[in-house]
Amino acid sequence: MAHTLPSSDQSSDQDKWDSGGLECKGQLLIKIVMRNRLTALVVDGDTTCWVLEQELLHSYGVQTLGVDNSRDAVDLIASDAEFNLIIIEKILPVLNGLEVTRQICEIGVHCKMLEVTACSGESERQAFLAIGVDVFIEKPLDPEHLVPILREVDGQ
């Protein structure tokens, strides 16, 4: 990502955060992730979100596979593909996120499951947590939420 120089001789606090804070977090996490090669499945019907979530995971050294519908996700898991983390959107083509999560859990998957959605409410949150989702957050998936999850998955 290209950085632009501020118009004055002194950089703003925002520039310092953009060029330093996030990079430092990423460098620390890459060392943690590289100790145990992590893999993630991203299930999101919105191509833009799917690509952004995968890029964020890649920036921390996580290998990813993305699918844009729930049927492909269930088929992939049923074929014995293994992941350390599964990220699922609530609104998906074919089956909704709740149903695909239920089916993945019924297959016997034992990994961290994260529900990331733009449509959240307390009843949805409770429903996902009740069927096996470990973390339920509102989009966008960001480093603030992702870093602690990756550390936990990595055994830190």
# chains A, B, ... in the order shown; residues from 1 in each chain; ligands from 1
>>> residues_around(residues="Leu92 (chain A)", least_positions_apart="2", cutoff="10 Å", atoms="only C-alpha atoms", output="JSON, numbers by chain")
{"A": [43, 44, 45, 46, 68, 69, 70, 71, 88, 89, 90, 94, 95, 96, 97, 98, 99, 100]}
>>> write_last_selection(atoms="N, CA, C and O atoms", output="mmCIF file, in the first residue's frame")
data_model
loop_
_atom_site.group_PDB
_atom_site.id
_atom_site.type_symbol
_atom_site.label_atom_id
_atom_site.label_comp_id
_atom_site.auth_asym_id
_atom_site.auth_seq_id
_atom_site.Cartn_x
_atom_site.Cartn_y
_atom_site.Cartn_z
ATOM 1 N N VAL A 43 -16.220 -17.989 4.203
ATOM 2 C CA VAL A 43 -17.483 -18.259 3.515
ATOM 3 C C VAL A 43 -18.288 -16.966 3.502
ATOM 4 O O VAL A 43 -18.810 -16.552 4.529
ATOM 5 N N ASP A 44 -18.353 -16.322 2.346
ATOM 6 C CA ASP A 44 -19.062 -15.048 2.238
ATOM 7 C C ASP A 44 -19.583 -14.889 0.823
ATOM 8 O O ASP A 44 -18.829 -15.046 -0.141
ATOM 9 N N GLY A 45 -20.857 -14.593 0.683
ATOM 10 C CA GLY A 45 -21.474 -14.417 -0.630
ATOM 11 C C GLY A 45 -21.136 -13.104 -1.300
ATOM 12 O O GLY A 45 -21.339 -12.947 -2.501
ATOM 13 N N ASP A 46 -20.607 -12.158 -0.574
ATOM 14 C CA ASP A 46 -20.211 -10.861 -1.116
ATOM 15 C C ASP A 46 -18.741 -10.936 -1.505
ATOM 16 O O ASP A 46 -17.864 -11.015 -0.643
ATOM 17 N N ASP A 68 -17.928 -18.773 -2.023
ATOM 18 C CA ASP A 68 -18.955 -17.734 -2.028
ATOM 19 C C ASP A 68 -20.363 -18.249 -1.776
ATOM 20 O O ASP A 68 -21.330 -17.516 -1.898
ATOM 21 N N ASN A 69 -20.498 -19.535 -1.410
ATOM 22 C CA ASN A 69 -21.825 -20.037 -1.061
ATOM 23 C C ASN A 69 -21.712 -21.167 -0.048
ATOM 24 O O ASN A 69 -20.663 -21.804 0.098
ATOM 25 N N SER A 70 -22.777 -21.378 0.649
ATOM 26 C CA SER A 70 -22.785 -22.319 1.761
ATOM 27 C C SER A 70 -22.656 -23.774 1.319
ATOM 28 O O SER A 70 -22.023 -24.577 2.014
ATOM 29 N N ARG A 71 -23.218 -24.126 0.186
ATOM 30 C CA ARG A 71 -23.149 -25.517 -0.280
ATOM 31 C C ARG A 71 -21.695 -25.921 -0.520
ATOM 32 O O ARG A 71 -21.262 -26.996 -0.129
ATOM 33 N N ILE A 88 -17.673 -17.280 8.748
ATOM 34 C CA ILE A 88 -18.929 -17.446 8.020
ATOM 35 C C ILE A 88 -19.765 -16.175 8.101
ATOM 36 O O ILE A 88 -19.946 -15.608 9.177
ATOM 37 N N GLU A 89 -20.306 -15.760 6.968
ATOM 38 C CA GLU A 89 -21.258 -14.648 6.880
ATOM 39 C C GLU A 89 -22.657 -15.194 7.122
ATOM 40 O O GLU A 89 -22.951 -16.345 6.767
ATOM 41 N N LYS A 90 -23.513 -14.397 7.688
ATOM 42 C CA LYS A 90 -24.893 -14.816 7.969
ATOM 43 C C LYS A 90 -25.723 -14.966 6.696
ATOM 44 O O LYS A 90 -26.480 -15.921 6.541
ATOM 45 N N VAL A 94 -27.815 -20.171 -1.200
ATOM 46 C CA VAL A 94 -28.205 -21.559 -0.964
ATOM 47 C C VAL A 94 -28.716 -21.744 0.463
ATOM 48 O O VAL A 94 -29.905 -21.838 0.684
ATOM 49 N N LEU A 95 -27.850 -21.829 1.461
ATOM 50 C CA LEU A 95 -28.249 -21.957 2.861
ATOM 51 C C LEU A 95 -27.795 -20.707 3.604
ATOM 52 O O LEU A 95 -26.735 -20.173 3.311
ATOM 53 N N ASN A 96 -28.567 -20.279 4.600
ATOM 54 C CA ASN A 96 -28.110 -19.122 5.377
ATOM 55 C C ASN A 96 -26.965 -19.533 6.299
ATOM 56 O O ASN A 96 -26.683 -20.711 6.487
ATOM 57 N N GLY A 97 -26.297 -18.545 6.868
ATOM 58 C CA GLY A 97 -25.141 -18.801 7.714
ATOM 59 C C GLY A 97 -25.438 -19.683 8.908
ATOM 60 O O GLY A 97 -24.611 -20.505 9.307
ATOM 61 N N LEU A 98 -26.610 -19.538 9.486
ATOM 62 C CA LEU A 98 -26.984 -20.352 10.636
ATOM 63 C C LEU A 98 -27.084 -21.826 10.242
ATOM 64 O O LEU A 98 -26.551 -22.702 10.928
ATOM 65 N N GLU A 99 -27.724 -22.085 9.122
ATOM 66 C CA GLU A 99 -27.893 -23.473 8.672
ATOM 67 C C GLU A 99 -26.559 -24.094 8.250
ATOM 68 O O GLU A 99 -26.276 -25.249 8.564
ATOM 69 N N VAL A 100 -25.724 -23.347 7.540
ATOM 70 C CA VAL A 100 -24.428 -23.904 7.140
ATOM 71 C C VAL A 100 -23.559 -24.159 8.369
ATOM 72 O O VAL A 100 -22.860 -25.171 8.438
#
>>> residues_around(residues="Gln63 (chain A)", least_positions_apart="4", cutoff="9 Å", atoms="only C-alpha atoms", output="list in words")
Arg37, Leu38, Thr39, Ala40, Leu41, Gln54, Leu57 and His58 of chain A
>>> write_last_selection(atoms="all heavy atoms", output="CSV table (one decimal), in the first residue's frame")
chain,number,residue,atom,x,y,z
A,37,ARG,N,1.6,-23.0,11.2
A,37,ARG,CA,0.9,-22.6,10.0
A,37,ARG,C,-0.6,-22.7,10.1
A,37,ARG,O,-1.1,-23.8,10.2
A,37,ARG,CB,1.5,-23.4,8.8
A,37,ARG,CG,1.1,-22.9,7.5
A,37,ARG,CD,1.8,-21.6,7.3
A,37,ARG,NE,1.6,-21.2,5.9
A,37,ARG,CZ,2.0,-20.0,5.5
A,37,ARG,NH1,2.5,-19.1,6.3
A,37,ARG,NH2,1.8,-19.7,4.2
A,38,LEU,N,-1.3,-21.6,10.1
A,38,LEU,CA,-2.7,-21.6,10.3
A,38,LEU,C,-3.4,-21.5,8.9
A,38,LEU,O,-2.9,-21.0,8.0
A,38,LEU,CB,-3.2,-20.4,11.1
A,38,LEU,CG,-2.6,-20.3,12.6
A,38,LEU,CD1,-3.2,-19.1,13.3
A,38,LEU,CD2,-2.9,-21.6,13.3
A,39,THR,N,-4.6,-22.2,8.9
A,39,THR,CA,-5.4,-22.2,7.7
A,39,THR,C,-6.8,-21.7,8.1
A,39,THR,O,-7.3,-21.9,9.2
A,39,THR,CB,-5.5,-23.6,7.1
A,39,THR,OG1,-6.0,-24.5,8.0
A,39,THR,CG2,-4.1,-24.0,6.6
A,40,ALA,N,-7.4,-21.0,7.1
A,40,ALA,CA,-8.8,-20.5,7.4
A,40,ALA,C,-9.7,-20.7,6.1
A,40,ALA,O,-9.2,-20.6,5.0
A,40,ALA,CB,-8.8,-19.0,7.7
A,41,LEU,N,-10.9,-21.0,6.4
A,41,LEU,CA,-12.0,-21.0,5.3
A,41,LEU,C,-12.8,-19.8,5.5
A,41,LEU,O,-13.3,-19.5,6.6
A,41,LEU,CB,-12.8,-22.3,5.5
A,41,LEU,CG,-14.0,-22.4,4.5
A,41,LEU,CD1,-13.6,-22.4,3.1
A,41,LEU,CD2,-14.9,-23.6,4.9
A,54,GLN,N,-9.9,-12.3,3.2
A,54,GLN,CA,-8.8,-13.2,2.8
A,54,GLN,C,-7.5,-12.4,2.9
A,54,GLN,O,-6.5,-12.9,3.4
A,54,GLN,CB,-9.0,-13.8,1.5
A,54,GLN,CG,-10.0,-15.0,1.5
A,54,GLN,CD,-9.9,-15.8,0.2
A,54,GLN,OE1,-10.4,-15.3,-0.8
A,54,GLN,NE2,-9.4,-17.0,0.3
A,57,LEU,N,-6.4,-11.8,6.4
A,57,LEU,CA,-5.8,-13.1,6.9
A,57,LEU,C,-4.4,-13.3,6.4
A,57,LEU,O,-3.5,-13.7,7.1
A,57,LEU,CB,-6.7,-14.3,6.7
A,57,LEU,CG,-8.0,-14.3,7.5
A,57,LEU,CD1,-9.1,-15.1,6.8
A,57,LEU,CD2,-7.7,-14.8,8.9
A,58,HIS,N,-4.3,-13.1,5.0
A,58,HIS,CA,-3.0,-13.3,4.4
A,58,HIS,C,-1.9,-12.4,5.0
A,58,HIS,O,-0.8,-12.8,5.1
A,58,HIS,CB,-3.1,-13.0,2.9
A,58,HIS,CG,-3.8,-14.0,2.1
A,58,HIS,ND1,-4.3,-13.8,0.9
A,58,HIS,CD2,-4.1,-15.3,2.4
A,58,HIS,CE1,-4.9,-14.9,0.4
A,58,HIS,NE2,-4.8,-15.8,1.3
>>> select_by_dssp(residues="region 48-138 of chain A", states="strand (DSSP E)", output="number ranges by chain")
A: 63-67, 85-88, 112-117, 135-138
>>> closest_residue(among="A:Leu65, A:Val109, A:Val153, A:Ile87", to="Ile137 (chain A)", atoms="only C-alpha atoms")
A:Ile87
>>> residues_around(residues="Ile104 (chain A)", least_positions_apart="6", cutoff="9 Å", atoms="only C-alpha atoms", output="PyMOL selection string")
chain A and resi 73-74+77-78
>>> write_last_selection(atoms="C-alpha atoms", output="PDB file, in the first residue's frame")
ATOM      1  CA  ALA A  73     -18.457 -24.780   2.251  1.00  0.00           C
ATOM      2  CA  VAL A  74     -20.357 -27.838   3.501  1.00  0.00           C
ATOM      3  CA  ILE A  77     -15.755 -29.689   5.037  1.00  0.00           C
ATOM      4  CA  ALA A  78     -17.449 -33.025   4.261  1.00  0.00           C
TER       5      ALA A  78
END
>>> atom_distance(atom1="CA of Cys105 (chain A)", atom2="CA of Gly155 (chain A)")
21.6 Å
